$ cat work-v2.cif   # mmCIF, C-alpha atoms and all ligand atoms
data_entry
#
loop_
_atom_site.label_atom_id
_atom_site.label_comp_id
_atom_site.auth_asym_id
_atom_site.auth_seq_id
_atom_site.Cartn_x
_atom_site.Cartn_y
_atom_site.Cartn_z
CA MET M 1315 230.34 125.90 177.39
CA SER M 1316 231.20 126.82 173.83
CA ILE M 1317 234.38 125.40 172.34
CA ILE M 1318 234.70 128.49 170.08
CA SER M 1319 237.50 130.78 171.25
CA THR M 1320 239.95 133.34 169.82
CA ASP M 1321 242.77 132.19 172.13
CA ILE M 1322 245.77 131.41 169.90
CA GLN M 1323 247.94 130.37 172.88
CA LYS M 1324 245.37 127.75 173.84
CA ALA M 1325 245.52 126.39 170.28
CA VAL M 1326 249.34 126.29 170.43
CA HIS M 1327 249.15 124.39 173.72
CA LEU M 1328 246.58 121.85 172.49
CA LEU M 1329 248.34 121.20 169.16
CA THR M 1330 251.70 120.82 170.90
CA ASN M 1331 250.06 118.16 173.08
CA GLU M 1332 248.91 116.16 170.02
CA GLU M 1333 245.29 117.35 170.31
CA LEU M 1334 243.18 118.56 167.38
CA VAL M 1335 242.03 122.17 166.92
CA ALA M 1336 239.68 123.48 164.22
CA ILE M 1337 241.37 126.41 162.49
CA PRO M 1338 240.04 129.26 160.36
CA THR M 1339 241.25 129.70 156.81
CA GLU M 1340 239.99 131.91 154.00
CA THR M 1341 238.56 128.81 152.23
CA VAL M 1342 236.84 126.66 154.89
CA TYR M 1343 237.58 125.71 158.52
CA GLY M 1344 240.16 122.93 158.87
CA LEU M 1345 240.45 120.13 161.44
CA ALA M 1346 244.12 120.51 162.32
CA GLY M 1347 246.80 118.37 163.96
CA ASN M 1348 250.62 118.12 164.06
CA ILE M 1349 251.69 116.30 160.87
CA TYR M 1350 254.43 114.45 162.81
CA SER M 1351 252.07 113.12 165.52
CA GLU M 1352 250.66 109.74 164.56
CA LYS M 1353 248.10 110.09 167.33
CA ALA M 1354 246.85 113.46 166.05
CA VAL M 1355 246.74 112.37 162.41
CA LYS M 1356 244.83 109.18 163.26
CA ARG M 1357 242.34 111.27 165.20
CA ILE M 1358 241.77 113.54 162.19
CA PHE M 1359 240.70 110.50 160.14
CA SER M 1360 238.59 108.95 162.93
CA THR M 1361 236.88 112.24 163.91
CA LYS M 1362 235.92 112.96 160.30
CA LYS M 1363 235.20 109.28 159.53
CA ARG M 1364 237.43 109.92 156.56
CA PRO M 1365 238.70 106.88 154.66
CA PHE M 1366 242.46 106.37 154.94
CA PHE M 1367 242.85 106.49 151.15
CA ASN M 1368 242.02 110.21 151.26
CA PRO M 1369 245.23 112.23 151.88
CA LEU M 1370 245.45 115.44 153.92
CA ILE M 1371 246.60 118.96 153.00
CA VAL M 1372 249.68 120.20 154.89
CA HIS M 1373 249.46 123.85 155.99
CA ILE M 1374 252.64 125.90 156.32
CA ALA M 1375 253.43 129.53 157.26
CA SER M 1376 255.49 130.37 154.19
CA ALA M 1377 256.69 128.91 150.90
CA LYS M 1378 260.20 128.70 152.40
CA ALA M 1379 259.20 125.45 154.12
CA LEU M 1380 258.58 123.76 150.72
CA GLN M 1381 262.20 122.70 150.31
CA THR M 1382 262.12 120.86 153.63
CA MET M 1383 259.24 118.62 152.49
CA THR M 1384 259.72 117.93 148.81
CA THR M 1385 262.30 116.40 146.49
CA HIS M 1386 261.58 118.58 143.47
CA ILE M 1387 259.76 121.88 142.83
CA PRO M 1388 258.82 122.46 139.17
CA GLU M 1389 259.49 125.99 137.83
CA LYS M 1390 255.76 126.56 137.34
CA ALA M 1391 255.09 125.56 140.96
CA LYS M 1392 257.48 128.33 142.04
CA LEU M 1393 255.67 130.84 139.81
CA LEU M 1394 252.31 129.78 141.23
CA ALA M 1395 253.52 129.93 144.85
CA ASP M 1396 254.93 133.43 144.23
CA ALA M 1397 251.71 134.58 142.63
CA PHE M 1398 249.11 133.07 144.95
CA TRP M 1399 250.52 132.31 148.43
CA PRO M 1400 249.29 132.99 150.98
CA GLY M 1401 246.08 131.99 149.25
CA SER M 1402 243.49 129.47 148.14
CA MET M 1403 245.77 127.21 146.10
CA THR M 1404 247.18 123.82 147.11
CA LEU M 1405 250.25 122.43 145.31
CA VAL M 1406 250.79 118.66 145.06
CA LEU M 1407 254.54 117.96 144.87
CA LYS M 1408 256.87 114.94 145.17
CA LYS M 1409 257.34 114.34 148.90
CA ASN M 1410 260.57 113.58 150.73
CA GLU M 1411 261.00 110.90 153.42
CA LYS M 1412 260.20 113.29 156.28
CA ILE M 1413 256.50 113.43 155.37
CA PRO M 1414 254.63 110.58 157.14
CA ASP M 1415 252.83 108.15 154.78
CA MET M 1416 249.57 108.54 156.65
CA ILE M 1417 249.39 112.20 155.57
CA THR M 1418 249.66 111.26 151.90
CA ALA M 1419 247.71 107.98 152.00
CA GLY M 1420 250.84 106.21 150.83
CA LYS M 1421 251.23 108.40 147.73
CA ASP M 1422 254.66 109.71 146.77
CA THR M 1423 253.25 113.24 146.58
CA VAL M 1424 252.19 115.69 149.27
CA ALA M 1425 249.57 118.47 149.09
CA ILE M 1426 250.77 121.78 150.60
CA ARG M 1427 249.21 125.21 151.10
CA VAL M 1428 249.97 128.56 152.76
CA PRO M 1429 246.51 129.70 153.91
CA ASN M 1430 245.60 133.39 153.79
CA HIS M 1431 244.11 133.98 157.21
CA PRO M 1432 245.85 136.21 159.78
CA VAL M 1433 244.88 134.06 162.79
CA THR M 1434 246.09 130.79 161.31
CA LEU M 1435 249.25 132.38 159.86
CA GLU M 1436 250.06 133.64 163.36
CA LEU M 1437 249.36 130.16 164.80
CA LEU M 1438 251.56 128.46 162.18
CA LYS M 1439 254.41 130.90 162.90
CA GLN M 1440 254.28 129.99 166.58
CA LEU M 1441 254.33 126.21 166.00
CA PRO M 1442 257.54 124.28 165.28
CA PHE M 1443 255.62 121.85 163.02
CA PRO M 1444 253.20 122.16 160.06
CA LEU M 1445 249.51 121.31 160.42
CA ALA M 1446 247.61 118.63 158.56
CA ALA M 1447 244.13 120.05 158.08
CA PRO M 1448 241.33 118.66 155.96
CA SER M 1449 237.99 120.45 156.07
CA ALA M 1450 236.38 120.29 159.53
CA ASN M 1451 233.25 118.34 158.56
CA PRO M 1452 232.26 114.68 158.74
CA PHE M 1453 233.30 112.95 155.51
CA GLY M 1454 230.86 113.70 152.70
CA SER M 1455 228.87 116.44 154.44
CA ILE M 1456 228.81 120.21 153.85
CA SER M 1457 232.11 121.99 154.56
CA PRO M 1458 232.16 124.50 157.44
CA THR M 1459 232.62 128.21 156.74
CA LYS M 1460 231.72 129.54 160.21
CA PRO M 1461 232.96 128.45 163.67
CA GLU M 1462 229.38 127.51 164.59
CA HIS M 1463 229.24 124.96 161.75
CA VAL M 1464 232.28 123.17 163.21
CA GLU M 1465 230.88 123.38 166.73
CA SER M 1466 227.66 121.71 165.67
CA TYR M 1467 229.59 118.90 163.96
CA PHE M 1468 232.33 118.26 166.52
CA LYS M 1469 231.48 119.77 169.93
CA ASN M 1470 231.87 116.34 171.56
CA ASP M 1471 235.10 115.47 169.76
CA ILE M 1472 237.47 118.45 169.99
CA LEU M 1473 238.39 121.01 172.63
CA GLN M 1474 238.69 124.19 170.55
CA VAL M 1475 237.46 125.88 167.40
CA LEU M 1476 239.87 128.77 166.91
CA ASP M 1477 237.58 131.65 165.98
CA GLY M 1478 238.54 133.55 162.85
CA GLY M 1479 235.06 134.63 161.83
CA ALA M 1480 233.35 133.65 158.59
CA CYS M 1481 235.62 132.36 155.79
CA SER M 1482 236.04 135.10 153.17
CA ASN M 1483 236.29 132.80 150.13
CA GLY M 1484 234.04 130.03 151.38
CA ILE M 1485 234.94 127.10 149.12
CA GLU M 1486 237.93 124.76 149.22
CA SER M 1487 241.30 125.53 147.68
CA THR M 1488 242.07 124.82 144.05
CA ILE M 1489 244.41 121.80 143.96
CA ILE M 1490 247.18 121.78 141.35
CA GLY M 1491 249.44 118.79 140.70
CA PHE M 1492 252.16 118.24 138.11
CA GLU M 1493 252.59 115.69 135.34
CA LYS M 1494 256.32 115.95 134.70
CA GLU M 1495 256.68 119.75 134.76
CA THR M 1496 253.15 120.55 133.55
CA PRO M 1497 250.48 121.83 135.97
CA VAL M 1498 247.18 119.91 136.10
CA ILE M 1499 244.08 120.94 138.09
CA PHE M 1500 243.06 118.09 140.43
CA ARG M 1501 240.21 120.02 142.07
CA LEU M 1502 238.51 123.25 141.02
CA GLY M 1503 238.20 125.68 143.91
CA ALA M 1504 238.43 129.15 145.36
CA LEU M 1505 241.18 130.29 142.98
CA ALA M 1506 239.66 130.63 139.50
CA LEU M 1507 241.11 128.70 136.58
CA GLU M 1508 241.45 131.95 134.60
CA ASP M 1509 243.73 133.45 137.30
CA ILE M 1510 245.96 130.37 137.23
CA GLU M 1511 246.19 130.40 133.45
CA ALA M 1512 247.22 134.07 133.53
CA VAL M 1513 250.38 132.96 135.36
CA VAL M 1514 251.32 129.59 133.78
CA GLY M 1515 249.36 129.46 130.52
CA SER M 1516 246.67 126.95 129.66
CA VAL M 1517 246.23 124.05 132.13
CA SER M 1518 244.26 120.84 131.82
CA ILE M 1519 241.62 119.80 134.34
CA LYS M 1520 241.53 116.31 135.76
CA ASN M 1521 238.48 117.02 137.85
CA LYS M 1522 236.73 113.72 137.25
CA LYS M 1523 234.28 111.77 139.32
CA GLU M 1524 236.21 108.58 139.90
CA GLU M 1525 236.14 105.64 142.28
CA SER M 1526 239.68 106.10 143.52
CA PRO M 1527 240.42 109.63 142.39
CA ASP M 1528 243.68 111.58 142.45
CA ALA M 1529 242.03 114.03 144.82
CA PRO M 1530 239.21 112.31 146.73
CA GLY M 1531 237.35 115.63 147.12
CA MET M 1532 236.43 114.51 143.61
CA LEU M 1533 234.24 111.63 144.73
CA ALA M 1534 230.89 111.83 142.98
CA ARG M 1535 228.90 112.35 146.17
CA HIS M 1536 230.51 114.81 148.58
CA TYR M 1537 229.73 118.16 150.26
CA ALA M 1538 226.09 117.02 150.59
CA PRO M 1539 223.25 118.39 152.75
CA SER M 1540 221.07 115.77 154.47
CA THR M 1541 217.95 117.22 152.78
CA GLN M 1542 217.36 115.98 149.24
CA THR M 1543 218.89 118.62 146.96
CA LEU M 1544 218.49 119.18 143.22
CA LEU M 1545 220.63 121.26 140.86
CA VAL M 1546 218.76 122.81 137.92
CA ASP M 1547 218.91 125.65 135.39
CA ASP M 1548 215.31 126.74 135.84
CA VAL M 1549 214.47 126.87 139.57
CA ALA M 1550 211.00 128.42 139.15
CA SER M 1551 209.61 125.62 136.98
CA GLU M 1552 211.26 122.91 139.10
CA ALA M 1553 209.72 124.48 142.25
CA LYS M 1554 206.26 124.32 140.63
CA LYS M 1555 206.60 120.54 140.31
CA HIS M 1556 207.02 120.29 144.09
CA SER M 1557 204.24 122.68 145.12
CA THR M 1558 202.82 120.26 147.72
CA LYS M 1559 206.15 120.10 149.55
CA LYS M 1560 208.15 122.44 151.79
CA VAL M 1561 210.65 123.76 149.26
CA GLY M 1562 213.89 125.71 149.81
CA VAL M 1563 215.54 127.45 146.88
CA LEU M 1564 219.11 128.67 146.49
CA VAL M 1565 219.40 131.19 143.66
CA PHE M 1566 222.31 133.19 142.30
CA LYS M 1567 221.00 136.78 142.08
CA GLU M 1568 217.30 136.98 141.12
CA SER M 1569 214.53 136.39 143.62
CA LEU M 1570 211.66 134.14 142.51
CA ASN M 1571 209.28 136.44 144.45
CA ASN M 1572 207.31 133.46 145.69
CA SER M 1573 206.48 133.70 149.39
CA SER M 1574 205.61 130.01 149.69
CA LEU M 1575 209.30 129.13 149.19
CA THR M 1576 212.17 129.47 151.63
CA GLU M 1577 214.65 131.37 149.49
CA ILE M 1578 218.30 132.36 149.80
CA ILE M 1579 219.89 134.67 147.23
CA LEU M 1580 223.66 134.18 146.98
CA SER M 1581 224.48 137.65 145.68
CA ASP M 1582 221.96 140.40 144.85
CA ASN M 1583 224.46 142.17 142.66
CA GLY M 1584 225.69 139.03 140.89
CA SER M 1585 229.15 138.86 142.52
CA MET M 1586 230.67 135.38 142.09
CA HIS M 1587 233.00 136.05 145.00
CA GLU M 1588 230.13 136.91 147.34
CA ALA M 1589 228.17 133.91 146.07
CA ALA M 1590 231.09 131.53 146.77
CA SER M 1591 231.58 132.95 150.25
CA LYS M 1592 227.90 132.29 151.06
CA LEU M 1593 227.42 128.97 149.27
CA TYR M 1594 228.05 126.48 152.09
CA ASP M 1595 226.57 128.69 154.79
CA SER M 1596 223.38 128.91 152.72
CA LEU M 1597 223.29 125.12 152.32
CA HIS M 1598 223.78 124.74 156.08
CA GLU M 1599 220.92 127.24 156.66
CA LEU M 1600 218.52 125.48 154.31
CA ASP M 1601 219.49 122.06 155.61
CA HIS M 1602 218.45 123.13 159.14
CA GLN M 1603 215.00 124.36 158.08
CA LYS M 1604 213.34 120.90 157.99
CA LEU M 1605 212.46 121.24 154.31
CA ASP M 1606 211.35 118.38 152.07
CA ILE M 1607 213.59 119.45 149.23
CA ILE M 1608 216.21 122.06 148.31
CA ILE M 1609 216.43 123.30 144.71
CA ALA M 1610 219.68 125.01 143.76
CA GLU M 1611 220.25 127.10 140.65
CA ARG M 1612 223.22 126.29 138.44
CA LEU M 1613 225.65 129.24 138.32
CA PRO M 1614 227.14 130.81 135.17
CA ASN M 1615 229.86 128.32 134.23
CA ASN M 1616 232.91 130.57 134.33
CA GLY M 1617 235.38 131.82 136.96
CA LEU M 1618 234.32 130.81 140.46
CA GLY M 1619 230.94 129.77 139.01
CA LYS M 1620 232.68 126.72 137.55
CA SER M 1621 234.03 125.74 140.99
CA MET M 1622 230.67 126.30 142.65
CA ASN M 1623 228.87 124.20 140.03
CA ASP M 1624 231.39 121.44 140.64
CA ARG M 1625 230.59 121.45 144.38
CA LEU M 1626 226.83 121.71 143.80
CA GLN M 1627 226.93 118.79 141.40
CA ARG M 1628 228.53 116.63 144.09
CA ALA M 1629 226.10 117.92 146.76
CA THR M 1630 222.99 117.29 144.67
CA PHE M 1631 221.13 115.22 142.18
CA THR M 1632 221.47 116.88 138.80
CA ILE M 1633 218.45 116.99 136.52
P1 LIG S 1701 239.93 118.58 152.23
O1 LIG S 1701 240.99 119.31 152.97
O2 LIG S 1701 238.96 117.86 153.08
O3 LIG S 1701 239.26 119.50 151.26
O4 LIG S 1701 240.64 117.47 151.41
C1 LIG S 1701 241.93 117.60 150.92
C2 LIG S 1701 241.94 117.33 149.47
O5 LIG S 1701 243.29 117.33 149.01
C3 LIG S 1701 241.37 115.99 149.12
O6 LIG S 1701 240.52 116.09 148.00
C4 LIG S 1701 242.59 115.20 148.81
O7 LIG S 1701 242.35 114.15 147.95
C5 LIG S 1701 243.52 116.22 148.20
N1 LIG S 1701 244.93 115.76 148.30
C6 LIG S 1701 245.66 115.68 149.40
N2 LIG S 1701 246.88 115.15 149.14
C7 LIG S 1701 246.89 114.87 147.82
C8 LIG S 1701 247.85 114.29 146.94
N3 LIG S 1701 249.05 113.88 147.35
N4 LIG S 1701 247.50 114.14 145.64
C9 LIG S 1701 246.30 114.56 145.22
N5 LIG S 1701 245.35 115.12 146.00
C10 LIG S 1701 245.64 115.27 147.29
MG MG S 1702 236.74 118.22 152.58
#
$ encode --input "work-v2.cif" --output "structure tokens" --more "lines below"
Ligand code: AMP
Ligand code: MG
Amino acid sequence: MSIISTDIQKAVHLLTNEELVAIPTETVYGLAGNIYSEKAVKRIFSTKKRPFFNPLIVHIASAKALQTMTTHIPEKAKLLADAFWPGSMTLVLKKNEKIPDMITAGKDTVAIRVPNHPVTLELLKQLPFPLAAPSANPFGSISPTKPEHVESYFKNDILQVLDGGACSNGIESTIIGFEKETPVIFRLGALALEDIEAVVGSVSIKNKKEESPDAPGMLARHYAPSTQTLLVDDVASEAKKHSTKKVGVLVFKESLNNSSLTEIILSDNGSMHEAASKLYDSLHELDHQKLDIIIAERLPNNGLGKSMNDRLQRATFTI
């Protein structure tokens, strides 16, 4: 029997009993547990095979709960929360003693977000505790944007995927931390840099590939399909080099019109938003086609294109 179900009361019951439930958000599906249950939080790490140095995002129903978890909220954090919550932005703030160390991997900061999905907002309102929820995929693999993706990863590990349909934004939240009072981008994501700068002025990006990064979604190899995947500017000429192989191509808006390739077009009309919403699903699709190689086209490097290129770089070998 499928573990996918729309039953919010079932999710409330499971989470209250320290079980995990996969939850829909507008970014990607999350693998959620009660932040105050050591058992649930440990199971999040073990189910994902996520290293303990990689902290979790805390999901809350409204910005009002911020004061109960943090020691200080910079003015610009308040402006950002007002502008973008509920939404695809995570704020990293100084934590207070109520937040368990396992959630933050021992850091003195905690990552918090109000997700913009009606089903999960309703669930959060009914629960007397916040939810820790990293993306519902095994560590390093492609993030899930449909309930079926989670089911194929974790059908033997969890009892419910709460069905909220396909994720409308389709890539992870943009993570913003603070150095003193100044916002710094720790991870590019579903909220474009330009939108953030319209509210708080110019921000720096600390989106590096590091060994022990500030935000471990920044590890060099992450979000990866199991099929060998390349990221290039010119897909047509790269595909020619592999003409003896079974090739899948992922292009932004223009078809290569080559029937010997398995092709997915992210957005016929060149919409970055549509492309982002289909990015991971398309990688899942191609990864299941038993191809020898996937060739992905680099997107225009602005707005959400910048965030998508960041993810593709980590999912692929760049030429
Ligand atoms: P995921 O939900 O799987 O996309 O992962 C959550 C992301 O949030 C990871 O990249 C974490 O490193 C990042 N994160 C969580 N807590 C913190 C924190 N206190 N400081 C910086 N990044 C964080
Ligand atoms: Mg993740």
$ closest_residue --input "work-v2.cif" --among "M:Gly1420, M:Gly1478, M:Gly1484, M:Pro1497" --to "Val1406 (chain M)" --atoms "only C-alpha atoms"
M:Pro1497
$ residues_around --input "work-v2.cif" --residues "region 1579-1586 of chain M" --least-positions-apart "3" --cutoff "7 Å" --atoms "all atoms listed in the file" --output "list in words"
Leu1564, Val1565, Phe1566, Lys1567, Glu1568, Ser1569, Ala1589, Ala1590, Lys1592, Leu1593, Leu1618 and Gly1619 of chain M
$ residues_near_ligand --input "work-v2.cif" --ligand "ligand MG 1702 (chain S)" --cutoff "9 Å" --atoms "all atoms listed in the file" --output "list in words"
Val1342, Gly1344, Pro1448, Ser1449, Ala1450, Asn1451, Pro1452, Phe1453, Gly1454, Ser1455, Ile1456, Ser1457, Glu1486, Pro1530, Gly1531, His1536 and Tyr1537 of chain M
$ write_last_selection --input "work-v2.cif" --atoms "C-alpha atoms" --output "tab-separated table (two decimals), in the frame of the given file"
chain	number	residue	atom	x	y	z
M	1342	VAL	CA	236.84	126.66	154.89
M	1344	GLY	CA	240.16	122.93	158.87
M	1448	PRO	CA	241.33	118.66	155.96
M	1449	SER	CA	237.99	120.45	156.07
M	1450	ALA	CA	236.38	120.29	159.53
M	1451	ASN	CA	233.25	118.34	158.56
M	1452	PRO	CA	232.26	114.68	158.74
M	1453	PHE	CA	233.30	112.95	155.51
M	1454	GLY	CA	230.86	113.70	152.70
M	1455	SER	CA	228.87	116.44	154.44
M	1456	ILE	CA	228.81	120.21	153.85
M	1457	SER	CA	232.11	121.99	154.56
M	1486	GLU	CA	237.93	124.76	149.22
M	1530	PRO	CA	239.21	112.31	146.73
M	1531	GLY	CA	237.35	115.63	147.12
M	1536	HIS	CA	230.51	114.81	148.58
M	1537	TYR	CA	229.73	118.16	150.26
$ residues_near_ligand --input "work-v2.cif" --ligand "ligand LIG 1701 (chain S)" --cutoff "8 Å" --atoms "all atoms listed in the file" --output "PyMOL selection string"
chain M and resi 1344+1368-1371+1404+1406-1407+1417-1419+1421-1426+1447-1451+1453+1486-1487+1489+1491+1500-1501+1527-1532
$ residues_around --input "work-v2.cif" --residues "Asn1483 (chain M)" --least-positions-apart "5" --cutoff "6 Å" --atoms "all atoms listed in the file" --output "tab-separated table (two decimals) with C-alpha atoms, in the coordinates of the input"
chain	number	residue	atom	x	y	z
M	1340	GLU	CA	239.99	131.91	154.00
M	1341	THR	CA	238.56	128.81	152.23
M	1591	SER	CA	231.58	132.95	150.25
$ closest_residue --input "work-v2.cif" --among "M:Thr1320, M:Ser1360, M:Asn1572, M:Ser1540" --to "Leu1334 (chain M)" --atoms "all atoms listed in the file"
M:Ser1360
$ axis_aligned_box --input "work-v2.cif" --around "region 1547-1562 of chain M" --padding-each-side "3 Å" --output "lines of an AutoDock Vina configuration file"
center_x = 210.9
center_y = 124.3
center_z = 143.6
size_x = 22.1
size_y = 14.3
size_z = 22.4
$ residues_around --input "work-v2.cif" --residues "Glu1493 (chain M)" --least-positions-apart "5" --cutoff "12 Å" --atoms "all atoms listed in the file" --output "PyMOL selection string"
chain M and resi 1388+1390-1391+1406-1408+1423+1498-1500+1517-1520
$ write_last_selection --input "work-v2.cif" --atoms "C-alpha atoms" --output "PDB file, in the frame of the given file"
ATOM      1  CA  PRO M1388     258.820 122.460 139.170  1.00  0.00           C
ATOM      2  CA  LYS M1390     255.760 126.560 137.340  1.00  0.00           C
ATOM      3  CA  ALA M1391     255.090 125.560 140.960  1.00  0.00           C
ATOM      4  CA  VAL M1406     250.790 118.660 145.060  1.00  0.00           C
ATOM      5  CA  LEU M1407     254.540 117.960 144.870  1.00  0.00           C
ATOM      6  CA  LYS M1408     256.870 114.940 145.170  1.00  0.00           C
ATOM      7  CA  THR M1423     253.250 113.240 146.580  1.00  0.00           C
ATOM      8  CA  VAL M1498     247.180 119.910 136.100  1.00  0.00           C
ATOM      9  CA  ILE M1499     244.080 120.940 138.090  1.00  0.00           C
ATOM     10  CA  PHE M1500     243.060 118.090 140.430  1.00  0.00           C
ATOM     11  CA  VAL M1517     246.230 124.050 132.130  1.00  0.00           C
ATOM     12  CA  SER M1518     244.260 120.840 131.820  1.00  0.00           C
ATOM     13  CA  ILE M1519     241.620 119.800 134.340  1.00  0.00           C
ATOM     14  CA  LYS M1520     241.530 116.310 135.760  1.00  0.00           C
TER      15      LYS M1520
END
$ atom_distance --input "work-v2.cif" --atom1 "CA of Asp1595 (chain M)" --atom2 "CA of His1463 (chain M)"
8.3 Å
$ atom_distance --input "work-v2.cif" --atom1 "CA of Ser1621 (chain M)" --atom2 "CA of Asn1521 (chain M)"
10.3 Å
$ closest_residue --input "work-v2.cif" --among "M:Pro1429, M:Pro1458, M:Gly1347, M:Gly1503" --to "Leu1597 (chain M)" --atoms "only C-alpha atoms"
M:Pro1458
$ atom_distance --input "work-v2.cif" --atom1 "CA of Leu1505 (chain M)" --atom2 "CA of Arg1427 (chain M)"
12.5 Å
$ residues_near_point --input "work-v2.cif" --point "(259.6, 117.2, 152.9)" --cutoff "10 Å" --atoms "all atoms listed in the file" --output "PyMOL selection string"
chain M and resi 1379-1386+1407-1414+1423-1424
$ closest_residue --input "work-v2.cif" --among "M:Asp1396, M:Glu1352, M:Glu1465, M:Asp1606" --to "His1556 (chain M)" --atoms "only C-alpha atoms"
M:Asp1606
$ closest_residue --input "work-v2.cif" --among "M:Ala1375, M:Ile1337, M:Ile1349, M:Met1416" --to "Cys1481 (chain M)" --atoms "all atoms listed in the file"
M:Ile1337
$ closest_residue --input "work-v2.cif" --among "M:Asp1624, M:Asp1471, M:Asp1415, M:Glu1552" --to "Ile1608 (chain M)" --atoms "only C-alpha atoms"
M:Glu1552
$ residues_around --input "work-v2.cif" --residues "region 1629-1631 of chain M" --least-positions-apart "4" --cutoff "7 Å" --atoms "all atoms listed in the file" --output "list in words"
Arg1535, His1536, Tyr1537, Ala1538, Pro1539, Thr1543, Leu1544, Leu1545 and Arg1625 of chain M
$ residues_around --input "work-v2.cif" --residues "Glu1332 (chain M)" --least-positions-apart "2" --cutoff "8 Å" --atoms "all atoms listed in the file" --output "MDAnalysis selection string"
chainID M and resid 1328:1330 1334 1347:1348 1351 1353:1354
$ build_atoms --input "work-v2.cif" --residues "region 1427-1432 of chain M" --atoms "all heavy atoms" --output "compact mmCIF listing (two decimals), in the coordinates of the input"
# COMPACT_ATOMS: atom_id res chain seq x y z
N ARG M 1427 249.81 123.89 151.33
CA ARG M 1427 249.21 125.21 151.10
C ARG M 1427 249.64 126.19 152.17
O ARG M 1427 249.80 125.81 153.34
CB ARG M 1427 247.68 125.06 151.11
CG ARG M 1427 246.91 126.35 150.94
CD ARG M 1427 245.46 126.05 150.61
NE ARG M 1427 244.56 126.18 151.74
CZ ARG M 1427 243.97 127.33 152.11
NH1 ARG M 1427 244.22 128.44 151.47
NH2 ARG M 1427 243.15 127.35 153.14
N VAL M 1428 249.81 127.46 151.80
CA VAL M 1428 249.97 128.56 152.76
C VAL M 1428 248.62 129.29 152.79
O VAL M 1428 248.26 129.96 151.83
CB VAL M 1428 251.07 129.56 152.34
CG1 VAL M 1428 251.20 130.67 153.39
CG2 VAL M 1428 252.41 128.85 152.13
N PRO M 1429 247.85 129.10 153.87
CA PRO M 1429 246.51 129.70 153.91
C PRO M 1429 246.60 131.21 154.13
O PRO M 1429 247.56 131.70 154.74
CB PRO M 1429 245.85 129.01 155.10
CG PRO M 1429 246.98 128.63 155.99
CD PRO M 1429 248.16 128.37 155.11
N ASN M 1430 245.58 131.93 153.66
CA ASN M 1430 245.60 133.39 153.79
C ASN M 1430 244.62 133.84 154.87
O ASN M 1430 243.58 134.42 154.55
CB ASN M 1430 245.28 134.03 152.44
CG ASN M 1430 245.51 135.52 152.48
OD1 ASN M 1430 246.17 136.03 153.40
ND2 ASN M 1430 244.98 136.23 151.52
N HIS M 1431 244.95 133.52 156.11
CA HIS M 1431 244.11 133.98 157.21
C HIS M 1431 245.04 134.43 158.34
O HIS M 1431 245.89 133.65 158.78
CB HIS M 1431 243.18 132.86 157.68
CG HIS M 1431 242.11 133.36 158.60
ND1 HIS M 1431 242.36 133.87 159.85
CD2 HIS M 1431 240.77 133.47 158.44
CE1 HIS M 1431 241.24 134.25 160.42
NE2 HIS M 1431 240.25 134.02 159.58
N PRO M 1432 244.88 135.68 158.81
CA PRO M 1432 245.85 136.21 159.78
C PRO M 1432 245.97 135.37 161.05
O PRO M 1432 247.07 135.20 161.59
CB PRO M 1432 245.33 137.62 160.09
CG PRO M 1432 243.93 137.68 159.56
CD PRO M 1432 243.83 136.66 158.46
